[in-house]
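Source file: input-v8.cif; contents: mmCIF, C-alpha atoms and all ligand atoms.
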data_entry
#
loop_
_atom_site.label_atom_id
_atom_site.label_comp_id
_atom_site.auth_asym_id
_atom_site.auth_seq_id
_atom_site.Cartn_x
_atom_site.Cartn_y
_atom_site.Cartn_z
CA MET D 24 0.00 0.00 0.00
CA LEU D 25 1.36 3.37 -1.04
CA VAL D 26 0.63 6.44 1.12
CA ILE D 27 1.25 9.88 -0.38
CA SER D 28 1.58 12.92 1.87
CA SER D 29 3.84 15.84 2.70
CA GLU D 30 4.69 17.76 5.83
CA LYS D 31 4.55 20.86 3.67
CA MET D 32 0.75 20.67 3.91
CA LEU D 33 1.09 21.59 7.60
CA ALA D 34 1.79 25.12 6.32
CA HIS D 35 -1.90 25.55 5.50
CA ASP D 36 -3.01 27.18 8.75
CA PRO D 37 -6.52 28.65 8.69
CA GLY D 38 -5.96 30.19 12.15
CA PRO D 39 -6.60 29.41 15.81
CA GLY D 40 -9.77 27.57 16.75
CA ARG D 41 -10.53 26.37 13.22
CA PRO D 42 -11.51 22.69 13.08
CA GLU D 43 -9.60 21.99 9.84
CA CYS D 44 -6.23 22.40 11.56
CA PRO D 45 -2.67 21.23 10.77
CA GLU D 46 -2.80 18.74 13.65
CA ARG D 47 -5.28 16.69 11.58
CA LEU D 48 -2.52 15.74 9.19
CA ARG D 49 -0.15 14.75 12.00
CA VAL D 50 -2.85 12.53 13.51
CA ALA D 51 -3.61 10.93 10.14
CA VAL D 52 0.06 10.15 9.56
CA ARG D 53 0.47 8.78 13.09
CA ALA D 54 -2.59 6.54 12.60
CA LEU D 55 -0.64 4.56 10.02
CA GLU D 56 2.40 3.94 12.20
CA ARG D 57 3.19 0.28 12.56
CA LEU D 58 0.86 -0.67 9.70
CA GLU D 59 2.98 -3.19 7.85
CA GLY D 60 3.59 -3.04 4.13
CA VAL D 61 3.18 0.73 3.78
CA ALA D 62 5.47 2.66 1.46
CA TRP D 63 5.49 6.45 1.80
CA GLU D 64 5.86 8.87 -1.07
CA GLU D 65 6.28 12.65 -0.97
CA ALA D 66 3.37 14.49 -2.60
CA ARG D 67 4.01 16.64 -5.66
CA PRO D 68 1.94 19.68 -6.66
CA ALA D 69 -0.87 19.33 -9.18
CA THR D 70 -0.26 21.22 -12.41
CA VAL D 71 -2.54 23.90 -13.85
CA GLU D 72 -3.37 21.52 -16.69
CA GLU D 73 -4.47 18.84 -14.22
CA LEU D 74 -6.59 21.29 -12.21
CA SER D 75 -8.13 22.66 -15.42
CA ARG D 76 -9.94 19.39 -16.03
CA VAL D 77 -12.39 20.29 -13.25
CA HIS D 78 -11.77 23.97 -12.38
CA ASP D 79 -12.21 27.12 -14.46
CA ALA D 80 -8.99 28.78 -15.61
CA ASP D 81 -9.97 32.11 -14.00
CA TYR D 82 -10.58 30.40 -10.67
CA ILE D 83 -7.23 28.59 -10.74
CA ALA D 84 -5.46 31.87 -11.53
CA LYS D 85 -7.31 33.61 -8.69
CA ILE D 86 -6.22 30.95 -6.17
CA LEU D 87 -2.62 30.88 -7.41
CA ALA D 88 -2.46 34.66 -6.96
CA LEU D 89 -3.16 34.19 -3.23
CA ARG D 90 0.22 32.56 -2.58
CA GLY D 91 1.69 34.18 0.54
CA GLU D 92 -1.59 35.88 1.46
CA CYS D 93 -4.05 35.57 4.33
CA VAL D 94 -7.52 35.80 2.81
CA GLU D 95 -11.08 34.82 3.78
CA LEU D 96 -12.54 33.06 0.71
CA ASP D 97 -15.81 32.30 2.46
CA GLU D 98 -16.76 32.28 6.12
CA ASP D 99 -15.23 28.80 6.62
CA THR D 100 -12.37 28.96 4.14
CA HIS D 101 -9.28 30.93 5.07
CA THR D 102 -5.80 30.95 3.58
CA SER D 103 -2.44 31.45 5.23
CA PRO D 104 0.82 32.16 3.37
CA GLY D 105 1.38 28.41 2.78
CA SER D 106 -2.18 27.49 1.80
CA VAL D 107 -1.91 27.65 -1.97
CA ASP D 108 1.10 25.36 -2.11
CA ALA D 109 -0.59 22.98 0.35
CA ALA D 110 -3.72 22.91 -1.82
CA LEU D 111 -1.62 22.11 -4.90
CA LEU D 112 0.08 19.27 -3.00
CA SER D 113 -3.25 17.98 -1.70
CA ALA D 114 -4.61 17.76 -5.25
CA GLY D 115 -1.33 16.28 -6.52
CA ALA D 116 -1.38 13.64 -3.79
CA ALA D 117 -4.89 12.58 -4.86
CA ILE D 118 -3.74 12.30 -8.48
CA GLU D 119 -0.75 10.18 -7.44
CA ALA D 120 -3.00 7.94 -5.32
CA ALA D 121 -5.24 7.28 -8.34
CA THR D 122 -2.16 6.70 -10.49
CA ALA D 123 -0.58 4.26 -8.05
CA ALA D 124 -3.85 2.38 -7.58
CA VAL D 125 -4.12 1.88 -11.34
CA ARG D 126 -0.46 1.05 -11.93
CA THR D 127 -0.22 -1.46 -9.06
CA SER D 128 -3.79 -2.82 -9.19
CA GLY D 129 -3.88 -2.11 -5.49
CA VAL D 130 -4.55 0.43 -2.79
CA ALA D 131 -3.08 3.92 -2.57
CA VAL D 132 -3.88 6.61 -0.06
CA SER D 133 -3.64 10.38 -0.21
CA LEU D 134 -3.26 12.01 3.20
CA GLY D 135 -3.71 15.63 2.26
CA ARG D 136 -5.19 18.89 3.43
CA PRO D 137 -6.94 21.16 2.70
CA PRO D 138 -9.77 18.73 1.90
CA GLY D 139 -11.56 19.04 -1.43
CA HIS D 140 -15.12 17.82 -1.88
CA HIS D 141 -16.90 21.16 -1.29
CA ALA D 142 -14.74 23.01 -3.84
CA GLU D 143 -16.82 23.93 -6.89
CA ARG D 144 -15.60 24.43 -10.44
CA ALA D 145 -15.12 28.14 -9.73
CA ALA D 146 -15.42 28.60 -5.97
CA ALA D 147 -13.63 27.70 -2.75
CA MET D 148 -16.01 26.51 -0.06
CA GLY D 149 -16.18 24.68 3.26
CA PHE D 150 -12.41 24.47 4.00
CA CYS D 151 -11.74 23.34 0.38
CA LEU D 152 -9.72 25.12 -2.35
CA PHE D 153 -9.32 22.52 -5.11
CA ASN D 154 -11.54 19.45 -5.45
CA ASN D 155 -8.87 16.81 -4.92
CA VAL D 156 -10.94 13.70 -5.61
CA ALA D 157 -12.51 15.27 -8.71
CA VAL D 158 -9.08 16.23 -10.03
CA ALA D 159 -7.98 12.62 -9.44
CA ALA D 160 -11.06 11.12 -11.13
CA ALA D 161 -10.66 13.41 -14.15
CA HIS D 162 -6.97 12.50 -14.34
CA ALA D 163 -7.86 8.80 -14.30
CA ARG D 164 -10.23 9.35 -17.24
CA ALA D 165 -7.82 11.51 -19.22
CA MET D 166 -4.47 9.89 -18.52
CA LEU D 167 -4.77 6.47 -16.88
CA GLY D 168 -6.99 4.67 -19.38
CA CYS D 169 -9.92 4.37 -17.00
CA GLU D 170 -13.35 4.23 -18.66
CA ARG D 171 -15.58 4.39 -15.60
CA VAL D 172 -14.64 5.83 -12.21
CA LEU D 173 -16.72 5.30 -9.07
CA VAL D 174 -16.35 8.01 -6.41
CA VAL D 175 -17.90 7.17 -3.04
CA ASP D 176 -18.03 10.06 -0.56
CA TRP D 177 -18.79 9.01 3.01
CA ASP D 178 -17.81 12.34 4.58
CA VAL D 179 -20.78 13.43 6.74
CA HIS D 180 -21.26 16.53 4.59
CA HIS D 181 -22.63 16.31 1.06
CA GLY D 182 -19.91 16.46 -1.61
CA ASN D 183 -21.56 19.33 -3.48
CA GLY D 184 -18.50 20.22 -5.51
CA THR D 185 -17.90 16.70 -6.76
CA GLU D 186 -21.59 16.28 -7.57
CA HIS D 187 -21.75 19.48 -9.59
CA ILE D 188 -18.51 18.79 -11.46
CA PHE D 189 -19.69 15.37 -12.66
CA GLU D 190 -23.51 15.61 -12.57
CA ALA D 191 -23.90 15.70 -16.36
CA ARG D 192 -21.45 12.84 -16.97
CA ARG D 193 -21.95 9.09 -17.00
CA ASP D 194 -18.26 8.15 -16.94
CA VAL D 195 -17.88 9.20 -13.29
CA LEU D 196 -20.52 7.81 -10.94
CA PHE D 197 -20.74 9.87 -7.77
CA VAL D 198 -22.23 8.42 -4.58
CA SER D 199 -22.55 10.52 -1.41
CA LEU D 200 -23.84 9.37 1.97
CA HIS D 201 -24.35 12.33 4.28
CA GLU D 202 -26.30 13.89 7.11
CA PHE D 203 -29.28 15.84 5.86
CA PRO D 204 -30.16 18.55 6.56
CA LEU D 205 -26.66 19.81 7.32
CA TYR D 206 -24.04 22.02 5.66
CA PRO D 207 -23.89 22.63 2.68
CA GLY D 208 -27.64 21.97 2.28
CA THR D 209 -27.45 20.12 -1.03
CA GLY D 210 -27.63 16.35 -1.56
CA ALA D 211 -31.34 15.52 -1.82
CA HIS D 212 -32.02 11.95 -2.93
CA THR D 213 -33.93 13.30 -5.92
CA ASP D 214 -30.75 14.85 -7.36
CA VAL D 215 -29.78 11.95 -9.62
CA GLY D 216 -27.68 13.79 -12.22
CA THR D 217 -28.58 15.83 -15.29
CA GLY D 218 -28.75 15.19 -19.04
CA ASP D 219 -26.47 12.31 -20.03
CA GLY D 220 -25.54 11.93 -16.37
CA ALA D 221 -29.08 11.17 -15.18
CA GLY D 222 -28.88 8.16 -12.86
CA PHE D 223 -25.13 8.57 -12.33
CA ASN D 224 -25.41 10.68 -9.18
CA VAL D 225 -26.54 8.89 -6.03
CA ASN D 226 -27.36 10.74 -2.82
CA VAL D 227 -28.17 8.88 0.41
CA PRO D 228 -29.24 11.62 2.85
CA PHE D 229 -29.73 10.29 6.39
CA ALA D 230 -31.15 12.43 9.19
CA ALA D 231 -28.88 12.95 12.20
CA GLY D 232 -28.60 9.99 14.55
CA HIS D 233 -28.18 7.17 12.02
CA GLY D 234 -25.16 4.94 12.17
CA ASP D 235 -23.29 1.79 11.17
CA ALA D 236 -26.27 -0.48 10.47
CA ASP D 237 -28.07 2.13 8.35
CA TYR D 238 -24.99 2.89 6.27
CA ALA D 239 -24.42 -0.87 5.82
CA HIS D 240 -28.04 -1.22 4.67
CA ALA D 241 -27.50 1.50 2.05
CA PHE D 242 -24.37 -0.27 0.81
CA ARG D 243 -26.17 -3.62 0.50
CA GLU D 244 -29.41 -2.34 -1.01
CA VAL D 245 -28.22 0.47 -3.28
CA ILE D 246 -24.51 1.18 -3.59
CA ALA D 247 -23.16 -2.32 -4.20
CA LYS D 248 -25.98 -3.08 -6.64
CA ILE D 249 -25.44 0.07 -8.69
CA ALA D 250 -21.66 -0.34 -8.57
CA ASP D 251 -21.96 -3.90 -9.90
CA GLN D 252 -23.99 -2.63 -12.86
CA PHE D 253 -21.70 0.37 -13.44
CA ARG D 254 -18.57 -1.85 -13.35
CA PRO D 255 -15.97 0.80 -12.44
CA ASP D 256 -12.35 0.27 -13.41
CA LEU D 257 -11.23 2.50 -10.52
CA VAL D 258 -12.82 3.14 -7.11
CA LEU D 259 -12.03 6.39 -5.31
CA ILE D 260 -13.14 7.03 -1.74
CA SER D 261 -13.73 10.59 -0.56
CA ALA D 262 -12.89 9.52 2.96
CA GLY D 263 -14.09 11.96 5.57
CA PHE D 264 -14.49 10.69 9.11
CA ASP D 265 -16.78 13.38 10.52
CA GLY D 266 -19.74 10.98 10.49
CA HIS D 267 -18.19 9.40 13.58
CA ALA D 268 -20.32 9.59 16.74
CA ALA D 269 -17.60 11.63 18.46
CA ASP D 270 -17.31 14.30 15.77
CA PRO D 271 -18.10 17.83 16.99
CA LEU D 272 -19.39 19.19 13.65
CA ALA D 273 -22.17 16.70 12.95
CA GLY D 274 -24.71 14.37 14.58
CA MET D 275 -24.16 11.02 12.92
CA GLN D 276 -23.41 7.86 14.93
CA LEU D 277 -20.85 5.95 12.86
CA THR D 278 -18.06 4.00 14.56
CA GLU D 279 -14.92 2.30 13.31
CA GLU D 280 -17.07 -0.79 12.57
CA GLY D 281 -19.16 1.19 10.10
CA TYR D 282 -16.09 2.46 8.26
CA ALA D 283 -14.71 -1.09 8.20
CA PHE D 284 -17.98 -2.37 6.71
CA MET D 285 -18.10 0.30 3.99
CA THR D 286 -14.45 -0.27 3.12
CA ASP D 287 -14.99 -4.02 2.85
CA ALA D 288 -17.97 -3.46 0.56
CA LEU D 289 -15.93 -1.19 -1.73
CA LEU D 290 -13.00 -3.59 -1.69
CA GLY D 291 -15.44 -6.19 -3.01
CA VAL D 292 -16.55 -3.85 -5.81
CA ALA D 293 -12.93 -3.07 -6.69
CA ARG D 294 -11.99 -6.75 -6.77
CA ARG D 295 -14.98 -7.75 -8.88
CA HIS D 296 -14.58 -5.02 -11.50
CA ALA D 297 -11.44 -2.90 -11.08
CA HIS D 298 -8.54 -5.31 -10.53
CA GLY D 299 -8.55 -4.27 -6.88
CA ARG D 300 -7.78 -0.60 -7.63
CA ILE D 301 -8.81 1.71 -4.78
CA GLY D 302 -7.64 5.25 -4.13
CA VAL D 303 -8.44 6.76 -0.73
CA VAL D 304 -8.52 10.56 -0.51
CA LEU D 305 -8.79 12.15 2.94
CA GLU D 306 -11.61 14.66 3.42
CA GLY D 307 -12.99 15.85 6.80
CA GLY D 308 -12.92 14.51 10.37
CA TYR D 309 -12.67 16.87 13.34
CA ASP D 310 -12.50 14.68 16.43
CA LEU D 311 -8.86 13.84 16.01
CA ASP D 312 -8.88 10.59 17.99
CA ALA D 313 -11.99 9.31 16.16
CA MET D 314 -10.55 10.35 12.79
CA GLY D 315 -7.27 8.54 13.45
CA LYS D 316 -8.97 5.34 14.60
CA SER D 317 -11.49 5.36 11.75
CA LEU D 318 -8.78 5.98 9.16
CA ARG D 319 -6.80 3.11 10.66
CA ALA D 320 -9.84 0.81 10.55
CA THR D 321 -10.32 1.70 6.87
CA LEU D 322 -6.71 0.98 5.98
CA ASP D 323 -6.57 -2.17 8.11
CA VAL D 324 -9.43 -3.58 6.02
CA LEU D 325 -7.72 -2.53 2.79
CA ALA D 326 -4.48 -4.15 4.00
CA GLY D 327 -6.28 -7.40 4.84
CA LYS D 328 -5.55 -7.00 8.57
CA ARG D 329 -9.14 -6.55 9.69
CA SER D 330 -12.43 -7.97 8.47
CA ALA D 331 -15.84 -6.32 8.61
CA ARG D 332 -18.28 -7.56 11.21
CA GLU D 333 -21.96 -8.23 10.78
CA LEU D 334 -23.85 -5.17 11.98
CA PRO D 335 -27.17 -4.93 13.80
CA VAL D 336 -30.42 -4.41 11.91
CA PRO D 337 -30.99 -0.96 10.43
CA THR D 338 -33.46 1.47 11.96
CA GLU D 339 -36.94 1.98 10.49
CA THR D 340 -36.07 5.54 9.50
CA GLY D 341 -32.82 4.39 7.92
CA ARG D 342 -34.73 1.80 5.89
CA ALA D 343 -37.22 4.46 4.81
CA THR D 344 -34.40 6.70 3.52
CA VAL D 345 -32.91 3.81 1.56
CA ARG D 346 -36.36 2.97 0.13
CA ASP D 347 -36.73 6.57 -1.07
CA VAL D 348 -33.30 6.41 -2.73
CA CYS D 349 -34.19 3.12 -4.44
CA ALA D 350 -37.48 4.54 -5.66
CA VAL D 351 -35.84 7.35 -7.64
CA LEU D 352 -32.85 5.34 -8.87
CA SER D 353 -34.75 2.24 -9.95
CA ARG D 354 -35.57 4.19 -13.12
CA TYR D 355 -31.91 3.81 -14.08
CA TRP D 356 -30.66 0.68 -12.30
CA SER D 357 -31.99 -2.72 -11.35
CA LEU D 358 -32.53 -2.42 -7.58
ZN ZN D 401 -17.20 16.91 6.24
#

Can you present the structure in this file as structure tokens?
Amino acid sequence: MLVISSEKMLAHDPGPGRPECPERLRVAVRALERLEGVAWEEARPATVEELSRVHDADYIAKILALRGECVELDEDTHTSPGSVDAALLSAGAAIEAATAAVRTSGVAVSLGRPPGHHAERAAAMGFCLFNNVAVAAAHARAMLGCERVLVVDWDVHHGNGTEHIFEARRDVLFVSLHEFPLYPGTGAHTDVGTGDGAGFNVNVPFAAGHGDADYAHAFREVIAKIADQFRPDLVLISAGFDGHAADPLAGMQLTEEGYAFMTDALLGVARRHAHGRIGVVLEGGYDLDAMGKSLRATLDVLAGKRSARELPVPTETGRATVRDVCAVLSRYWSL
């Protein structure tokens, strides 16, 4: 397993008291200590050409011009003098994770910050400057010979940026499980994609308080079934860990067992269709201990050191959400 990161991303410092803090990266790196079979690689910056696949040229130029500056891009998204270079490395690390996953038919992990999934084509948002996982998925399509890329976003917040970037496309299938309603307010189950992309955007919006068994139910009833029909040749995980019960920014009840279950399910998809290729891209997670343990559980499953356990039965409300999702998507997929 290859892990791509860089201490240089510690230089992105949004300021005191901000949840998306440099310590997150230290905790993520420490979580992988003593995991056998890990090779580390230094992240490299994404190029303008690579970013241009999913971001507008004017937006990229605007962000690059902020190098060395402290700016408030929106109420949650602040830059420090090192932020632009960190954001380029975070996107570059995601690209290299996708590349390594394809080249080795295995698992590669990008431990980067700032995170990416809220970043829109032409706007920074929600701690995110460039949409790392979208840049990686677009790179896989353009440069790695991948025909169909599955992006699964289990961060507790809806991946609005990733959805909007790919919503009209059928070559990148985007799946987001998230708390709803919650920031950023998008992610209704009826948003299934537009035009040619209709049916290729899957939102599973759970109310606060749902947890492992409900997420597992969604994987069994919807996500695995659609993934098996889509037949991705690369699986990317937008891996945020703020759905954990201990997270201070959200009200979901996931534990390490839930992350292990979801990882195991996606490993199955990758083995059945994608030669085992999985790229993991770090997103949110603001209780540092919970984030570290959940990340470790995810990678332990991917490394074959931990298996997923059977989970209790889902809640009635969780089942109802999954039924609603099936109802709109059964127009496009056999569910
Ligand atoms: Zn989040």

Nearest candidate to D:Leu74 (options D:Glu143, D:Glu59, D:Glu43, D:Glu95; using all atoms listed in the file): D:Glu143

Interatomic distance, atom CA of D:Asp81 to atom CA of D:Ala161 (Å, one decimal):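 Separation of atom CA of D:Asp81 and atom CA of D:Ala161: 18.7 Å.
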
Test item: residues lying within 7 Å of ligand ZN 401 (chain D) with all atoms listed in the file, as a ChimeraX atom specification: /D:178-180,263,265,306-308

Top pick for closest residue to D:Glu30, considering D:Leu290, D:Leu112, D:Ile83, D:Ala262 and counting only C-alpha atoms: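 Under the stated criterion, the closest residue is D:Leu112.
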
List the spatial neighbours of stretch 247-251 of chain D as a short mmCIF file (atom, residue, chain, number, x, y, z; two decimals) with C-alpha atoms, in the coordinates of the input - criterion: any atom at most 12 Å away, only C-alpha atoms, same-chain residues fewer than 4 positions off excluded.
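Here's the written file selection_29.cif:
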data_model
loop_
_atom_site.label_atom_id
_atom_site.label_comp_id
_atom_site.auth_asym_id
_atom_site.auth_seq_id
_atom_site.Cartn_x
_atom_site.Cartn_y
_atom_site.Cartn_z
CA ARG D 171 -15.58 4.39 -15.60
CA VAL D 172 -14.64 5.83 -12.21
CA LEU D 173 -16.72 5.30 -9.07
CA VAL D 174 -16.35 8.01 -6.41
CA VAL D 175 -17.90 7.17 -3.04
CA VAL D 195 -17.88 9.20 -13.29
CA LEU D 196 -20.52 7.81 -10.94
CA PHE D 197 -20.74 9.87 -7.77
CA VAL D 198 -22.23 8.42 -4.58
CA GLY D 222 -28.88 8.16 -12.86
CA PHE D 223 -25.13 8.57 -12.33
CA ASN D 224 -25.41 10.68 -9.18
CA VAL D 225 -26.54 8.89 -6.03
CA TYR D 238 -24.99 2.89 6.27
CA ALA D 239 -24.42 -0.87 5.82
CA HIS D 240 -28.04 -1.22 4.67
CA ALA D 241 -27.50 1.50 2.05
CA PHE D 242 -24.37 -0.27 0.81
CA ARG D 243 -26.17 -3.62 0.50
CA PRO D 255 -15.97 0.80 -12.44
CA ASP D 256 -12.35 0.27 -13.41
CA LEU D 257 -11.23 2.50 -10.52
CA VAL D 258 -12.82 3.14 -7.11
CA MET D 285 -18.10 0.30 3.99
CA THR D 286 -14.45 -0.27 3.12
CA ASP D 287 -14.99 -4.02 2.85
CA ALA D 288 -17.97 -3.46 0.56
CA LEU D 289 -15.93 -1.19 -1.73
CA LEU D 290 -13.00 -3.59 -1.69
CA GLY D 291 -15.44 -6.19 -3.01
CA VAL D 292 -16.55 -3.85 -5.81
CA ALA D 293 -12.93 -3.07 -6.69
CA ARG D 294 -11.99 -6.75 -6.77
CA ARG D 295 -14.98 -7.75 -8.88
CA HIS D 296 -14.58 -5.02 -11.50
CA ALA D 297 -11.44 -2.90 -11.08
CA VAL D 348 -33.30 6.41 -2.73
CA CYS D 349 -34.19 3.12 -4.44
CA LEU D 352 -32.85 5.34 -8.87
CA SER D 353 -34.75 2.24 -9.95
CA ARG D 354 -35.57 4.19 -13.12
CA TYR D 355 -31.91 3.81 -14.08
CA TRP D 356 -30.66 0.68 -12.30
CA SER D 357 -31.99 -2.72 -11.35
CA LEU D 358 -32.53 -2.42 -7.58
#

Would you give me, as a Markdown table, each residue of stretch 48-79 of chain D having an atom within 9 Å of an atom of stretch 126-137 of chain D, along with its shortest atom pair and that distance in Å to one decimal, using all atoms listed in the file and sorting by chain and residue number?
| residue | atom | partner | partner_atom | distance |
| --- | --- | --- | --- | --- |
| D:Leu48 | CA | D:Gly135 | CA | 7.0 |
| D:Ala51 | CA | D:Leu134 | CA | 7.0 |
| D:Val52 | CA | D:Leu134 | CA | 7.4 |
| D:Ala66 | CA | D:Ser133 | CA | 8.5 |

Go ahead and dump the residues you just picked, C-alpha atoms, as a short mmCIF file (atom, residue, chain, number, x, y, z; two decimals), in the frame of the given file.
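Result file follows (part.cif):
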data_model
loop_
_atom_site.label_atom_id
_atom_site.label_comp_id
_atom_site.auth_asym_id
_atom_site.auth_seq_id
_atom_site.Cartn_x
_atom_site.Cartn_y
_atom_site.Cartn_z
CA LEU D 48 -2.52 15.74 9.19
CA ALA D 51 -3.61 10.93 10.14
CA VAL D 52 0.06 10.15 9.56
CA ALA D 66 3.37 14.49 -2.60
#

Minimum-distance residue to D:Gly232, chosen among D:Leu277, D:Ala313, D:Ala191, D:Val215 (using all atoms listed in the file): D:Leu277

Using only C-alpha atoms: which of D:Leu334, D:Leu305, D:Leu325, D:Ala110 has the shortest distance to D:Arg47: D:Leu305

Which of D:Gly184, D:Gly115, D:Gly139, D:Gly210 sits closest to D:Glu73 [using only C-alpha atoms]: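 Closest to D:Glu73, using only C-alpha atoms: D:Gly115.
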
Shortest interatomic distance to D:Glu202 - which of D:Val303, D:Val26, D:Leu111, D:Ala230, counting all atoms listed in the file: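 The answer is D:Ala230, which sits nearest to D:Glu202.
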
Atomic distance atom CA of D:Gly281 - atom CA of D:Thr321, expressed in Å with one decimal: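 Computing the Euclidean distance for atom CA of D:Gly281 and atom CA of D:Thr321 yields 9.4 Å.
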
May I have the residues within 12 Å of D:Leu152 as a PDB file with C-alpha atoms, in the frame of the given file, using all atoms listed in the file and disregarding those fewer than 6 positions away in the same chain?
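Written file, selection.pdb:
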ATOM      1  CA  HIS D  35      -1.900  25.550   5.500  1.00  0.00           C
ATOM      2  CA  LEU D  74      -6.590  21.290 -12.210  1.00  0.00           C
ATOM      3  CA  HIS D  78     -11.770  23.970 -12.380  1.00  0.00           C
ATOM      4  CA  TYR D  82     -10.580  30.400 -10.670  1.00  0.00           C
ATOM      5  CA  ILE D  83      -7.230  28.590 -10.740  1.00  0.00           C
ATOM      6  CA  LYS D  85      -7.310  33.610  -8.690  1.00  0.00           C
ATOM      7  CA  ILE D  86      -6.220  30.950  -6.170  1.00  0.00           C
ATOM      8  CA  LEU D  87      -2.620  30.880  -7.410  1.00  0.00           C
ATOM      9  CA  LEU D  89      -3.160  34.190  -3.230  1.00  0.00           C
ATOM     10  CA  GLU D  95     -11.080  34.820   3.780  1.00  0.00           C
ATOM     11  CA  LEU D  96     -12.540  33.060   0.710  1.00  0.00           C
ATOM     12  CA  ASP D  97     -15.810  32.300   2.460  1.00  0.00           C
ATOM     13  CA  ASP D  99     -15.230  28.800   6.620  1.00  0.00           C
ATOM     14  CA  THR D 100     -12.370  28.960   4.140  1.00  0.00           C
ATOM     15  CA  HIS D 101      -9.280  30.930   5.070  1.00  0.00           C
ATOM     16  CA  THR D 102      -5.800  30.950   3.580  1.00  0.00           C
ATOM     17  CA  SER D 106      -2.180  27.490   1.800  1.00  0.00           C
ATOM     18  CA  VAL D 107      -1.910  27.650  -1.970  1.00  0.00           C
ATOM     19  CA  ASP D 108       1.100  25.360  -2.110  1.00  0.00           C
ATOM     20  CA  ALA D 109      -0.590  22.980   0.350  1.00  0.00           C
ATOM     21  CA  ALA D 110      -3.720  22.910  -1.820  1.00  0.00           C
ATOM     22  CA  LEU D 111      -1.620  22.110  -4.900  1.00  0.00           C
ATOM     23  CA  LEU D 112       0.080  19.270  -3.000  1.00  0.00           C
ATOM     24  CA  SER D 113      -3.250  17.980  -1.700  1.00  0.00           C
ATOM     25  CA  ALA D 114      -4.610  17.760  -5.250  1.00  0.00           C
ATOM     26  CA  ARG D 136      -5.190  18.890   3.430  1.00  0.00           C
ATOM     27  CA  PRO D 137      -6.940  21.160   2.700  1.00  0.00           C
ATOM     28  CA  PRO D 138      -9.770  18.730   1.900  1.00  0.00           C
ATOM     29  CA  GLY D 139     -11.560  19.040  -1.430  1.00  0.00           C
ATOM     30  CA  HIS D 140     -15.120  17.820  -1.880  1.00  0.00           C
ATOM     31  CA  HIS D 141     -16.900  21.160  -1.290  1.00  0.00           C
ATOM     32  CA  ALA D 142     -14.740  23.010  -3.840  1.00  0.00           C
ATOM     33  CA  GLU D 143     -16.820  23.930  -6.890  1.00  0.00           C
ATOM     34  CA  ARG D 144     -15.600  24.430 -10.440  1.00  0.00           C
ATOM     35  CA  ALA D 145     -15.120  28.140  -9.730  1.00  0.00           C
ATOM     36  CA  ALA D 146     -15.420  28.600  -5.970  1.00  0.00           C
ATOM     37  CA  VAL D 158      -9.080  16.230 -10.030  1.00  0.00           C
ATOM     38  CA  GLY D 184     -18.500  20.220  -5.510  1.00  0.00           C
TER      39      GLY D 184
END

For atom CA of D:Glu244 and atom CA of D:Arg192, the interatomic separation in Å (one decimal):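 Separating atom CA of D:Glu244 from atom CA of D:Arg192 is a distance of 23.4 Å.
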
Fewer than 6 positions away in the same chain doesn't count, so skip those; otherwise give me all residues within 10 Å of D:Asp312, counting only C-alpha atoms, as a PDB file with C-alpha atoms, in the frame of the given file.
ATOM      1  CA  ARG D  47      -5.280  16.690  11.580  1.00  0.00           C
ATOM      2  CA  VAL D  50      -2.850  12.530  13.510  1.00  0.00           C
ATOM      3  CA  ALA D  51      -3.610  10.930  10.140  1.00  0.00           C
ATOM      4  CA  ALA D  54      -2.590   6.540  12.600  1.00  0.00           C
ATOM      5  CA  ALA D 269     -17.600  11.630  18.460  1.00  0.00           C
ATOM      6  CA  ASP D 270     -17.310  14.300  15.770  1.00  0.00           C
ATOM      7  CA  LEU D 318      -8.780   5.980   9.160  1.00  0.00           C
TER       8      LEU D 318
END

Radius query 8 Å about (6.0, 8.0, 0.1), atoms used: all atoms listed in the file, as a PyMOL selection string: chain D and resi 25-28+62-66

Exercise: D:Pro271 partners within 7 Å, only C-alpha atoms, chain neighbours under 2 positions left out, as a VMD selection string: chain D and resid 269 273 309 to 310

Give me the box for stretch 257-260 of chain D as AutoDock Vina command-line options, namely the centre and edge lengths in Å to one decimal of a box along x, y and z that holds every listed atom plus 4 Å on each side.
--center_x -12.2 --center_y 4.8 --center_z -6.1 --size_x 9.9 --size_y 12.5 --size_z 16.8
